[in-house]
$ cat query13.txt   # compact mmCIF, C-alpha atoms
# COMPACT_ATOMS: atom_id res chain seq x y z
CA MET A 1 52.86 -39.23 -32.04
CA ILE A 2 49.08 -39.53 -32.28
CA GLU A 3 47.40 -36.90 -30.20
CA ARG A 4 44.90 -38.11 -27.66
CA GLU A 5 42.09 -35.95 -29.00
CA SER A 6 42.72 -36.75 -32.66
CA ILE A 7 40.07 -39.43 -33.15
CA VAL A 8 37.62 -38.79 -30.33
CA HIS A 9 34.06 -38.89 -31.70
CA GLU A 10 35.33 -39.19 -35.26
CA LYS A 11 33.37 -41.37 -37.66
CA ALA A 12 35.34 -44.34 -38.92
CA VAL A 13 35.01 -47.16 -41.45
CA LEU A 14 36.89 -50.45 -41.22
CA VAL A 15 38.67 -52.35 -43.99
CA GLY A 16 39.49 -56.07 -44.04
CA VAL A 17 40.91 -58.39 -46.71
CA ILE A 18 40.13 -62.07 -47.26
CA LEU A 19 43.33 -63.75 -48.43
CA PRO A 20 43.70 -67.42 -49.44
CA GLY A 21 43.03 -69.72 -46.50
CA MET A 22 40.73 -67.21 -44.80
CA THR A 23 36.95 -67.18 -44.63
CA GLN A 24 34.38 -64.39 -44.72
CA ALA A 25 33.22 -65.35 -41.21
CA LEU A 26 36.79 -65.13 -39.84
CA ILE A 27 37.38 -61.66 -41.29
CA GLU A 28 34.01 -60.49 -39.97
CA GLU A 29 35.07 -61.61 -36.48
CA HIS A 30 38.41 -59.86 -36.91
CA LEU A 31 36.59 -56.66 -37.86
CA ASP A 32 34.35 -57.07 -34.82
CA GLU A 33 37.50 -56.92 -32.71
CA LEU A 34 38.87 -53.99 -34.72
CA SER A 35 35.55 -52.23 -34.10
CA LEU A 36 36.07 -52.68 -30.35
CA LEU A 37 39.57 -51.26 -30.70
CA ALA A 38 38.26 -48.26 -32.62
CA GLN A 39 35.54 -47.63 -30.03
CA THR A 40 38.07 -47.92 -27.20
CA ALA A 41 40.17 -45.30 -29.01
CA GLY A 42 37.13 -43.01 -29.20
CA ALA A 43 35.91 -43.51 -32.77
CA GLU A 44 32.35 -44.16 -33.94
CA VAL A 45 32.32 -47.02 -36.45
CA VAL A 46 29.73 -46.40 -39.18
CA GLY A 47 30.66 -49.06 -41.73
CA ARG A 48 33.00 -51.80 -42.86
CA TYR A 49 34.40 -53.02 -46.17
CA ILE A 50 35.75 -56.47 -47.04
CA GLN A 51 37.52 -57.46 -50.25
CA ARG A 52 38.65 -60.93 -51.29
CA ARG A 53 42.08 -60.95 -52.91
CA GLU A 54 44.65 -63.50 -54.01
CA ARG A 55 47.45 -61.28 -52.72
CA VAL A 56 48.00 -57.92 -51.06
CA ASN A 57 48.14 -54.95 -53.42
CA PRO A 58 51.51 -53.27 -52.77
CA THR A 59 50.08 -49.86 -53.73
CA TYR A 60 46.85 -49.66 -51.70
CA PHE A 61 46.79 -53.04 -49.85
CA ILE A 62 43.36 -53.46 -51.49
CA GLY A 63 42.54 -52.92 -55.19
CA LYS A 64 42.62 -49.40 -56.59
CA GLY A 65 38.96 -49.51 -57.58
CA LYS A 66 37.95 -50.62 -54.10
CA ALA A 67 40.13 -47.94 -52.55
CA GLN A 68 38.46 -45.25 -54.67
CA GLN A 69 35.00 -46.62 -53.75
CA ILE A 70 35.79 -46.57 -50.02
CA VAL A 71 37.11 -43.01 -50.16
CA GLN A 72 34.12 -41.76 -52.15
CA GLN A 73 31.57 -43.35 -49.83
CA ALA A 74 33.50 -42.22 -46.76
CA GLN A 75 33.35 -38.63 -48.02
CA GLU A 76 29.60 -38.95 -48.57
CA LEU A 77 29.13 -40.30 -45.02
CA GLY A 78 31.26 -37.57 -43.45
CA VAL A 79 33.84 -40.12 -42.28
CA GLN A 80 37.11 -38.75 -40.90
CA LEU A 81 39.00 -42.02 -40.41
CA ILE A 82 39.64 -45.18 -42.45
CA ILE A 83 41.09 -48.05 -40.40
CA PHE A 84 42.71 -51.17 -41.89
CA ASP A 85 42.82 -54.40 -39.89
CA ASP A 86 46.34 -55.09 -41.15
CA GLU A 87 49.52 -53.05 -40.83
CA LEU A 88 50.09 -50.79 -43.82
CA SER A 89 53.48 -49.90 -45.22
CA PRO A 90 54.51 -46.24 -45.32
CA SER A 91 54.02 -46.19 -49.11
CA GLN A 92 50.53 -47.71 -48.86
CA ILE A 93 49.51 -45.05 -46.36
CA ARG A 94 50.98 -42.34 -48.59
CA ASN A 95 49.17 -43.62 -51.69
CA PHE A 96 45.88 -43.96 -49.88
CA LEU A 97 46.18 -40.44 -48.48
CA LYS A 98 46.52 -39.07 -52.01
CA LEU A 99 43.09 -40.53 -52.71
CA ALA A 100 41.57 -39.72 -49.34
CA GLU A 101 42.73 -36.08 -49.13
CA SER A 102 41.28 -34.83 -45.79
CA ILE A 103 40.38 -38.33 -44.49
CA LYS A 104 42.96 -39.89 -42.17
CA VAL A 105 44.16 -43.44 -42.82
CA MET A 106 45.35 -45.64 -39.99
CA ASP A 107 46.11 -49.30 -39.51
CA ARG A 108 45.52 -51.71 -36.64
CA THR A 109 48.95 -50.98 -35.15
CA GLY A 110 48.30 -47.24 -35.07
CA ILE A 111 44.98 -47.74 -33.27
CA ILE A 112 46.54 -50.06 -30.67
CA LEU A 113 49.34 -47.59 -30.03
CA ASP A 114 46.82 -44.79 -29.56
CA ILE A 115 44.87 -46.87 -27.02
CA PHE A 116 48.06 -47.66 -25.13
CA GLN A 117 48.89 -43.97 -25.00
CA ARG A 118 45.46 -43.19 -23.56
CA HIS A 119 45.71 -45.88 -20.88
CA ALA A 120 49.34 -45.39 -19.82
CA LYS A 121 49.36 -44.02 -16.26
CA THR A 122 52.78 -44.65 -14.75
CA ARG A 123 56.18 -43.35 -15.79
CA GLU A 124 57.14 -46.83 -16.93
CA SER A 125 54.16 -47.49 -19.17
CA LYS A 126 54.28 -43.97 -20.63
CA THR A 127 57.95 -44.49 -21.49
CA GLN A 128 57.23 -47.87 -23.06
CA VAL A 129 54.37 -46.57 -25.17
CA GLU A 130 56.24 -43.50 -26.37
CA LEU A 131 59.17 -45.67 -27.45
CA ALA A 132 56.87 -47.97 -29.43
CA GLN A 133 55.08 -45.01 -31.03
CA LEU A 134 58.29 -43.35 -32.16
CA GLN A 135 59.63 -46.61 -33.60
CA TYR A 136 56.37 -46.93 -35.53
CA LEU A 137 56.45 -43.30 -36.69
CA LEU A 138 60.09 -43.04 -37.79
CA PRO A 139 59.91 -45.02 -41.08
CA ARG A 140 56.63 -43.27 -41.92
CA LEU A 141 58.25 -39.83 -42.11
CA THR A 142 59.96 -40.49 -45.43
CA ARG A 143 58.15 -38.76 -48.34
CA LEU A 144 55.06 -38.48 -46.17
CA TRP A 145 55.66 -34.93 -45.01
CA THR A 146 52.80 -33.14 -46.78
CA HIS A 147 50.31 -35.52 -45.14
CA LEU A 148 52.04 -35.94 -41.80
CA GLU A 149 50.28 -33.14 -39.96
CA ARG A 150 46.78 -34.49 -40.53
CA GLN A 151 47.87 -38.14 -40.37
CA MET A 152 49.89 -38.15 -37.16
CA GLY A 153 49.11 -34.77 -35.64
CA GLY A 154 52.40 -34.14 -33.90
CA ILE A 155 56.17 -34.05 -33.46
CA GLY A 156 57.23 -30.82 -35.17
CA THR A 157 54.99 -31.14 -38.22
CA ARG A 158 54.53 -28.11 -40.46
CA ALA A 159 53.02 -28.42 -43.91
CA GLY A 160 55.50 -27.60 -46.66
CA ALA A 161 58.54 -27.78 -44.42
CA GLY A 162 60.19 -30.08 -46.93
CA GLU A 163 62.82 -32.81 -46.80
CA THR A 164 65.23 -30.73 -44.68
CA GLN A 165 62.71 -30.53 -41.86
CA ILE A 166 62.02 -34.26 -42.22
CA GLU A 167 65.68 -35.05 -41.64
CA VAL A 168 65.76 -32.75 -38.61
CA ASP A 169 62.76 -34.46 -37.10
CA ARG A 170 64.10 -37.91 -37.91
CA ARG A 171 67.25 -37.01 -35.97
CA ILE A 172 65.17 -35.67 -33.08
CA ILE A 173 63.13 -38.88 -33.01
CA ARG A 174 66.24 -41.09 -33.09
CA ASP A 175 67.74 -39.11 -30.18
CA ARG A 176 64.49 -39.45 -28.25
CA ILE A 177 64.37 -43.21 -28.92
CA ALA A 178 67.92 -43.57 -27.59
CA LYS A 179 66.99 -41.66 -24.41
CA LEU A 180 63.83 -43.73 -23.87
CA ARG A 181 65.83 -46.95 -24.21
CA LYS A 182 68.25 -45.72 -21.53
CA ASP A 183 65.32 -44.84 -19.28
CA LEU A 184 63.86 -48.34 -19.71
CA LYS A 185 67.21 -49.90 -18.83
CA LYS A 186 67.14 -47.98 -15.54
CA ILE A 187 63.60 -49.23 -14.94
CA ASP A 188 64.78 -52.79 -15.66
CA ILE A 189 67.43 -52.43 -12.93
CA GLU A 190 64.83 -51.14 -10.48
CA ARG A 191 62.54 -54.06 -11.30
CA ALA A 192 65.36 -56.56 -10.85
CA THR A 193 66.06 -55.15 -7.37
CA GLN A 194 62.37 -55.40 -6.44
CA SER A 195 62.22 -58.92 -7.85
CA LYS A 196 65.04 -60.14 -5.58
CA ARG A 197 63.08 -59.02 -2.54
CA ARG A 198 60.06 -61.06 -3.65
CA ARG A 199 61.83 -64.36 -4.31
CA GLU A 200 60.80 -65.93 -1.02
CA LEU A 201 57.19 -66.28 -2.17
CA PHE A 202 55.73 -68.50 -4.88
CA ARG A 203 54.99 -66.22 -7.83
CA VAL A 204 51.93 -66.60 -10.04
CA ALA A 205 51.30 -64.41 -13.12
CA LEU A 206 47.99 -63.87 -14.86
CA VAL A 207 48.29 -63.94 -18.65
CA GLY A 208 45.64 -63.93 -21.32
CA TYR A 209 43.95 -62.20 -24.19
CA THR A 210 42.88 -58.63 -23.51
CA ASN A 211 39.45 -58.41 -21.87
CA ALA A 212 39.56 -62.07 -20.74
CA GLY A 213 38.92 -60.95 -17.16
CA LYS A 214 42.41 -60.95 -15.62
CA SER A 215 41.94 -57.78 -13.60
CA THR A 216 38.52 -58.94 -12.42
CA LEU A 217 40.09 -62.20 -11.25
CA MET A 218 42.87 -60.27 -9.47
CA ASN A 219 40.25 -58.24 -7.62
CA SER A 220 38.12 -61.27 -6.77
CA LEU A 221 41.05 -63.27 -5.37
CA THR A 222 42.93 -60.55 -3.51
CA GLY A 223 40.46 -57.74 -2.90
CA ALA A 224 42.76 -55.43 -4.85
CA ASN A 225 41.31 -52.26 -6.31
CA VAL A 226 42.53 -52.87 -9.87
CA PHE A 227 40.79 -50.81 -12.56
CA VAL A 228 38.27 -52.96 -14.44
CA GLN A 229 36.29 -51.97 -17.51
CA ASP A 230 34.67 -53.91 -20.34
CA GLN A 231 37.07 -52.67 -22.99
CA LEU A 232 40.34 -53.69 -24.59
CA PHE A 233 43.59 -52.87 -22.76
CA ALA A 234 41.93 -51.38 -19.68
CA THR A 235 45.09 -52.34 -17.73
CA LEU A 236 48.68 -51.68 -18.86
CA ASP A 237 50.71 -51.46 -15.67
CA THR A 238 51.66 -54.52 -13.67
CA THR A 239 49.79 -54.99 -10.40
CA ILE A 240 51.24 -57.33 -7.75
CA ARG A 241 49.33 -58.47 -4.67
CA THR A 242 49.78 -61.15 -2.02
CA LEU A 243 47.21 -63.94 -1.74
CA ASP A 244 46.87 -66.38 1.15
CA ILE A 245 45.97 -69.76 -0.35
CA ASP A 246 45.53 -71.19 3.16
CA ASP A 247 46.95 -70.65 6.65
CA HIS A 248 50.48 -71.69 5.61
CA HIS A 249 50.75 -70.83 1.93
CA ARG A 250 51.00 -67.36 0.48
CA ILE A 251 51.68 -66.39 -3.12
CA LEU A 252 52.45 -63.25 -5.08
CA LEU A 253 49.88 -62.74 -7.84
CA SER A 254 50.67 -60.38 -10.71
CA ASP A 255 48.53 -58.98 -13.52
CA SER A 256 49.80 -56.94 -16.47
CA VAL A 257 48.91 -55.98 -20.03
CA GLY A 258 46.70 -58.35 -22.01
CA PHE A 259 47.69 -59.82 -25.35
CA ILE A 260 45.92 -59.39 -28.67
CA ARG A 261 46.10 -60.71 -32.22
CA LYS A 262 48.77 -58.92 -34.25
CA LEU A 263 50.16 -57.19 -31.18
CA PRO A 264 52.79 -54.77 -32.56
CA HIS A 265 56.30 -56.14 -32.14
CA ALA A 266 57.52 -52.72 -30.99
CA LEU A 267 55.05 -52.87 -28.11
CA VAL A 268 56.09 -56.39 -27.12
CA ALA A 269 59.73 -55.28 -27.14
CA SER A 270 59.17 -52.06 -25.18
CA PHE A 271 56.93 -53.78 -22.62
CA ARG A 272 59.48 -56.53 -21.97
CA SER A 273 60.39 -55.04 -18.58
CA THR A 274 56.71 -55.12 -17.57
CA LEU A 275 56.40 -58.70 -18.77
CA ILE A 276 59.42 -59.78 -16.68
CA GLU A 277 56.92 -60.84 -14.01
CA VAL A 278 55.69 -63.43 -16.50
CA LEU A 279 59.21 -64.67 -17.23
CA GLU A 280 60.11 -65.00 -13.54
CA ALA A 281 56.81 -66.51 -12.38
CA ASP A 282 56.75 -70.02 -10.94
CA LEU A 283 53.31 -70.55 -12.50
CA LEU A 284 51.28 -68.85 -15.23
CA LEU A 285 47.49 -68.74 -15.02
CA LEU A 286 46.49 -68.61 -18.68
CA LEU A 287 43.03 -67.07 -18.61
CA LEU A 288 40.59 -67.66 -21.48
CA ASP A 289 37.23 -66.06 -22.18
CA GLY A 290 35.08 -69.18 -22.46
CA SER A 291 32.21 -67.18 -23.98
CA SER A 292 34.27 -65.94 -26.93
CA HIS A 293 33.75 -67.42 -30.39
CA LEU A 294 37.45 -66.78 -31.03
CA LEU A 295 38.67 -68.79 -28.04
CA ASP A 296 40.96 -71.05 -30.10
CA GLU A 297 42.53 -68.14 -31.96
CA GLN A 298 42.96 -66.19 -28.74
CA LEU A 299 44.63 -69.16 -27.05
CA GLN A 300 47.00 -69.49 -30.01
CA THR A 301 47.77 -65.76 -29.87
CA VAL A 302 48.62 -65.91 -26.15
CA ARG A 303 50.89 -68.91 -26.66
CA GLU A 304 52.65 -67.14 -29.55
CA VAL A 305 53.28 -64.00 -27.49
CA LEU A 306 54.53 -66.08 -24.56
CA SER A 307 56.92 -67.80 -26.94
CA GLU A 308 58.04 -64.45 -28.35
CA ILE A 309 58.98 -63.09 -24.92
CA GLY A 310 60.76 -66.33 -23.94
CA ALA A 311 58.12 -67.85 -21.63
CA ARG A 312 57.37 -70.96 -23.66
CA ASN A 313 58.70 -73.35 -20.98
CA GLN A 314 56.83 -71.89 -18.00
CA ASP A 315 54.45 -74.06 -16.01
CA ILE A 316 50.92 -73.17 -17.11
CA LEU A 317 47.52 -73.72 -15.51
CA LEU A 318 44.70 -73.18 -18.00
CA VAL A 319 41.76 -71.24 -16.54
CA VAL A 320 38.51 -70.79 -18.50
CA ASN A 321 36.63 -67.71 -17.31
CA LYS A 322 33.08 -66.36 -17.79
CA VAL A 323 31.31 -69.71 -17.41
CA ASP A 324 28.27 -67.75 -16.23
CA LEU A 325 27.88 -66.44 -19.80
CA MET A 326 27.99 -69.87 -21.44
CA GLU A 327 25.30 -72.35 -22.43
CA GLU A 328 25.48 -75.74 -20.74
CA THR A 329 26.30 -77.51 -24.01
CA GLU A 330 29.15 -75.06 -24.71
CA LEU A 331 30.55 -75.54 -21.21
CA ARG A 332 30.37 -79.32 -21.50
CA GLY A 333 32.17 -79.22 -24.85
CA LEU A 334 35.00 -77.08 -23.49
CA LYS A 335 35.42 -79.35 -20.47
CA GLU A 336 35.83 -82.29 -22.83
CA ARG A 337 38.40 -80.38 -24.90
CA PHE A 338 40.33 -79.01 -21.91
CA PRO A 339 40.01 -81.61 -19.14
CA GLU A 340 43.03 -80.15 -17.31
CA ALA A 341 41.54 -76.64 -17.13
CA VAL A 342 39.83 -74.97 -14.18
CA PHE A 343 36.46 -73.39 -15.06
CA ILE A 344 35.47 -70.25 -13.16
CA SER A 345 33.58 -66.98 -13.21
CA ALA A 346 35.80 -64.24 -11.79
CA LEU A 347 32.96 -61.72 -11.80
CA SER A 348 30.50 -64.02 -9.98
CA HIS A 349 33.18 -65.57 -7.71
CA LEU A 350 32.29 -69.07 -8.96
CA ARG A 351 34.73 -71.94 -8.25
CA LEU A 352 37.53 -69.67 -7.07
CA ASP A 353 38.18 -72.16 -4.26
CA VAL A 354 38.80 -74.82 -6.90
CA LEU A 355 41.26 -72.50 -8.62
CA GLN A 356 43.15 -71.86 -5.38
CA SER A 357 43.33 -75.60 -4.71
CA ALA A 358 44.78 -76.11 -8.19
CA ILE A 359 47.38 -73.40 -7.51
CA LEU A 360 48.30 -75.11 -4.24
CA LYS A 361 48.81 -78.43 -6.06
CA GLN A 362 51.18 -76.70 -8.45
CA MET A 363 53.02 -75.13 -5.51
CA GLU A 364 53.44 -78.49 -3.81
CA LYS A 365 55.28 -79.84 -6.83
CA THR A 366 58.13 -77.45 -5.98
CA PHE A 367 58.09 -78.10 -2.24
CA GLN A 368 61.00 -79.63 -0.35
CA THR A 369 61.11 -81.72 2.83
CA ALA A 370 63.81 -81.30 5.46
CA LYS A 371 64.59 -82.03 9.10
CA VAL A 372 65.66 -79.29 11.48
CA VAL A 373 66.55 -79.23 15.16
CA PHE A 374 66.14 -76.30 17.55
CA ASP A 375 67.32 -75.76 21.09
CA PRO A 376 64.27 -76.26 23.36
CA GLY A 377 64.62 -72.70 24.64
CA ARG A 378 64.14 -71.16 21.19
CA GLY A 379 60.36 -70.87 21.39
CA LYS A 380 60.12 -67.84 19.12
CA GLU A 381 62.08 -69.51 16.32
CA ILE A 382 60.11 -72.75 16.69
CA ALA A 383 56.86 -70.77 16.41
CA THR A 384 58.18 -69.22 13.20
CA VAL A 385 58.61 -72.70 11.74
CA PHE A 386 55.00 -73.62 12.48
CA GLU A 387 53.81 -70.32 10.99
CA THR A 388 55.72 -70.53 7.72
CA ALA A 389 55.90 -74.23 6.82
CA ASP A 390 54.02 -77.49 7.13
CA VAL A 391 55.33 -79.46 10.10
CA LEU A 392 54.95 -83.13 9.19
CA GLU A 393 56.49 -84.54 12.38
CA SER A 394 57.60 -83.04 15.67
CA SER A 395 59.50 -84.59 18.56
CA TYR A 396 60.37 -82.71 21.77
CA GLU A 397 63.49 -84.29 23.28
CA ASP A 398 65.81 -83.22 26.08
CA ASP A 399 68.55 -82.27 23.63
CA GLY A 400 66.33 -80.43 21.17
CA VAL A 401 63.09 -80.04 19.26
CA TYR A 402 63.16 -82.24 16.16
CA LEU A 403 60.92 -81.08 13.28
CA THR A 404 60.26 -82.53 9.84
CA ILE A 405 59.11 -79.65 7.68
CA ARG A 406 57.81 -79.21 4.15
CA GLY A 407 57.41 -76.03 2.13
CA ALA A 408 58.68 -73.88 -0.68
CA LYS A 409 62.39 -74.31 -1.36
CA VAL A 410 63.26 -70.73 -0.35
CA ILE A 411 61.29 -71.01 2.91
CA VAL A 412 62.82 -74.39 3.80
CA GLU A 413 66.33 -73.05 3.19
CA GLN A 414 65.60 -70.03 5.40
CA LEU A 415 64.34 -72.24 8.23
CA LYS A 416 67.37 -74.53 7.94
CA ALA A 417 69.60 -71.47 8.22
CA LEU A 418 67.58 -70.24 11.21
CA ALA A 419 68.09 -73.58 12.96
CA SER A 420 71.84 -73.42 12.31
CA ARG A 421 72.13 -69.88 13.68
CA ASN A 422 70.32 -70.87 16.86
CA GLY A 423 72.50 -73.80 17.80
CA GLY A 424 70.40 -76.43 16.11
CA LYS A 425 71.54 -78.99 13.60
CA GLU A 426 70.00 -80.22 10.38
$ encode --input "query13.txt" --output "structure tokens"
Amino acid sequence: MIERESIVHEKAVLVGVILPGMTQALIEEHLDELSLLAQTAGAEVVGRYIQRRERVNPTYFIGKGKAQQIVQQAQELGVQLIIFDDELSPSQIRNFLKLAESIKVMDRTGIILDIFQRHAKTRESKTQVELAQLQYLLPRLTRLWTHLERQMGGIGTRAGAGETQIEVDRRIIRDRIAKLRKDLKKIDIERATQSKRRRELFRVALVGYTNAGKSTLMNSLTGANVFVQDQLFATLDTTIRTLDIDDHHRILLSDSVGFIRKLPHALVASFRSTLIEVLEADLLLLLLDGSSHLLDEQLQTVREVLSEIGARNQDILLVVNKVDLMEETELRGLKERFPEAVFISALSHLRLDVLQSAILKQMEKTFQTAKVVFDPGRGKEIATVFETADVLESSYEDDGVYLTIRGAKVIVEQLKALASRNGGKE
């Protein structure tokens, strides 16, 4: 497991590869994002290298000559860390380490896992991150032992311990993985129990690329004190708050981990219990950073992750955030491209009323209409109806109070049952 202090203040260089179908500009933007990841993890980025190749080199990912050049210049610059934008195989890491000697070599997945470890606060998120880290580490133990201590900095590493110690640690890691999976199953059961209690409210989940402003929007809508910072993966744990859309309509709004390009599959799998709020939501608010030059790629990434976790058929409301950072021509162009979207600024509280109206319209699509009758003496129960549903018609007769109500299916069913229990008839 990567230790939290292992890359703090360390100098780092980034490495990207232009493969067929890619452009220099695209890879530069990808490295910009990798630079943000490295900074979030605590590294100081002092340079970047890009090589154009027809195919990935199975030995070093990049060409041997380029690898030697990067290592030599990194040594001259006093760099302690070389970070690849793509995931490296165990053999590629091993081969690069033979060249790099005292310089650590990591890939994008390793950096993301390290950030997740730093930001995990609750028992659930810590368990999820540790499981993903161990699954990532396990195949990288083989024939990597002499470099493991400086590369990964943990889990029983001792230089020169040999293959026997590797096998011991592999067994320890497998046992730990099995235990973590059992722990997550228990957490899944706890979440399912909590979820049943929340079914009476319309559930809305915020989804989007990391740093799109989901937590800021959560705070702006609900007044919640969710941690917000201008960095990647500031929030890992799911936050759920109630939000009154109007006097009669309340929703449950949830916010969880953001998505990112090349999000490690092990993380997606281990965070599945956290993402259950997305799967069970009645509506997804897909938040986009309108000021980002990578908006299209980020939108595609979010849709791919939603598909991967089984949320491809959810109802989605597209929300474009950070309009206060956009030029008028850019904003006009996006409105033409996404006419169905709601455009807001979560930070500046712009057009949040429009967003809430759009949520209400989506809610109304699921509403049901019913007629209920209460005994005239049941004033308390009749008041409950007016408080929890829209009363379209009311008629006070000698034999009962006749009400035509409209609301969420669960609420309507509860009120129909209430009428039955109190001597009324539907």
$ closest_residue --input "query13.txt" --among "A:Gly223, A:Gly400, A:Gly65, A:Pro139" --to "A:Leu253" --atoms "all atoms listed in the file"
A:Gly223
$ atom_distance --input "query13.txt" --atom1 "atom CA of A:Glu397" --atom2 "atom CA of A:Val373"
10.0 Å
$ atom_distance --input "query13.txt" --atom1 "atom CA of A:Asn95" --atom2 "atom CA of A:Tyr60"
6.5 Å
$ atom_distance --input "query13.txt" --atom1 "atom CA of A:Val412" --atom2 "atom CA of A:Asp390"
9.9 Å
$ closest_residue --input "query13.txt" --among "A:Ile405, A:Val372, A:Ile245, A:Ile382" --to "A:Ala417" --atoms "all atoms listed in the file"
A:Val372
$ residues_around --input "query13.txt" --residues "stretch 300-314 of chain A" --least-positions-apart "2" --cutoff "10 Å" --atoms "only C-alpha atoms" --output "VMD selection string"
chain A and resid 207 to 210 258 to 263 265 268 to 269 271 to 272 275 to 276 278 to 284 286 to 288 294 to 298 316 to 317
$ closest_residue --input "query13.txt" --among "A:Gln356, A:Thr122, A:Gln92, A:Gln75" --to "A:Ile62" --atoms "all atoms listed in the file"
A:Gln92
$ residues_near_point --input "query13.txt" --point "(40.7, -58.9, -50.1)" --cutoff "12 Å" --atoms "all atoms listed in the file" --output "PDB file with C-alpha atoms, keeping the file's coordinate frame"
ATOM      1  CA  VAL A  15      38.670 -52.350 -43.990  1.00  0.00           C
ATOM      2  CA  GLY A  16      39.490 -56.070 -44.040  1.00  0.00           C
ATOM      3  CA  VAL A  17      40.910 -58.390 -46.710  1.00  0.00           C
ATOM      4  CA  ILE A  18      40.130 -62.070 -47.260  1.00  0.00           C
ATOM      5  CA  LEU A  19      43.330 -63.750 -48.430  1.00  0.00           C
ATOM      6  CA  PRO A  20      43.700 -67.420 -49.440  1.00  0.00           C
ATOM      7  CA  GLY A  21      43.030 -69.720 -46.500  1.00  0.00           C
ATOM      8  CA  MET A  22      40.730 -67.210 -44.800  1.00  0.00           C
ATOM      9  CA  THR A  23      36.950 -67.180 -44.630  1.00  0.00           C
ATOM     10  CA  GLN A  24      34.380 -64.390 -44.720  1.00  0.00           C
ATOM     11  CA  ILE A  27      37.380 -61.660 -41.290  1.00  0.00           C
ATOM     12  CA  TYR A  49      34.400 -53.020 -46.170  1.00  0.00           C
ATOM     13  CA  ILE A  50      35.750 -56.470 -47.040  1.00  0.00           C
ATOM     14  CA  GLN A  51      37.520 -57.460 -50.250  1.00  0.00           C
ATOM     15  CA  ARG A  52      38.650 -60.930 -51.290  1.00  0.00           C
ATOM     16  CA  ARG A  53      42.080 -60.950 -52.910  1.00  0.00           C
ATOM     17  CA  GLU A  54      44.650 -63.500 -54.010  1.00  0.00           C
ATOM     18  CA  ARG A  55      47.450 -61.280 -52.720  1.00  0.00           C
ATOM     19  CA  VAL A  56      48.000 -57.920 -51.060  1.00  0.00           C
ATOM     20  CA  ASN A  57      48.140 -54.950 -53.420  1.00  0.00           C
ATOM     21  CA  TYR A  60      46.850 -49.660 -51.700  1.00  0.00           C
ATOM     22  CA  PHE A  61      46.790 -53.040 -49.850  1.00  0.00           C
ATOM     23  CA  ILE A  62      43.360 -53.460 -51.490  1.00  0.00           C
ATOM     24  CA  GLY A  63      42.540 -52.920 -55.190  1.00  0.00           C
ATOM     25  CA  LYS A  64      42.620 -49.400 -56.590  1.00  0.00           C
ATOM     26  CA  LYS A  66      37.950 -50.620 -54.100  1.00  0.00           C
ATOM     27  CA  ALA A  67      40.130 -47.940 -52.550  1.00  0.00           C
ATOM     28  CA  PHE A  84      42.710 -51.170 -41.890  1.00  0.00           C
ATOM     29  CA  ASP A  85      42.820 -54.400 -39.890  1.00  0.00           C
ATOM     30  CA  ASP A  86      46.340 -55.090 -41.150  1.00  0.00           C
TER      31      ASP A  86
END
$ residues_around --input "query13.txt" --residues "A:Leu403" --least-positions-apart "2" --cutoff "10 Å" --atoms "only C-alpha atoms" --output "list in words"
Ala370, Lys371, Val372, Val373, Phe374, Ile382, Val385, Phe386, Asp390, Val391, Leu392, Glu393, Ser394, Ser395, Tyr396, Gly400, Val401, Ile405, Arg406 and Glu426 of chain A
$ closest_residue --input "query13.txt" --among "A:Phe202, A:Lys98, A:Arg48, A:His119" --to "A:Val410" --atoms "only C-alpha atoms"
A:Phe202
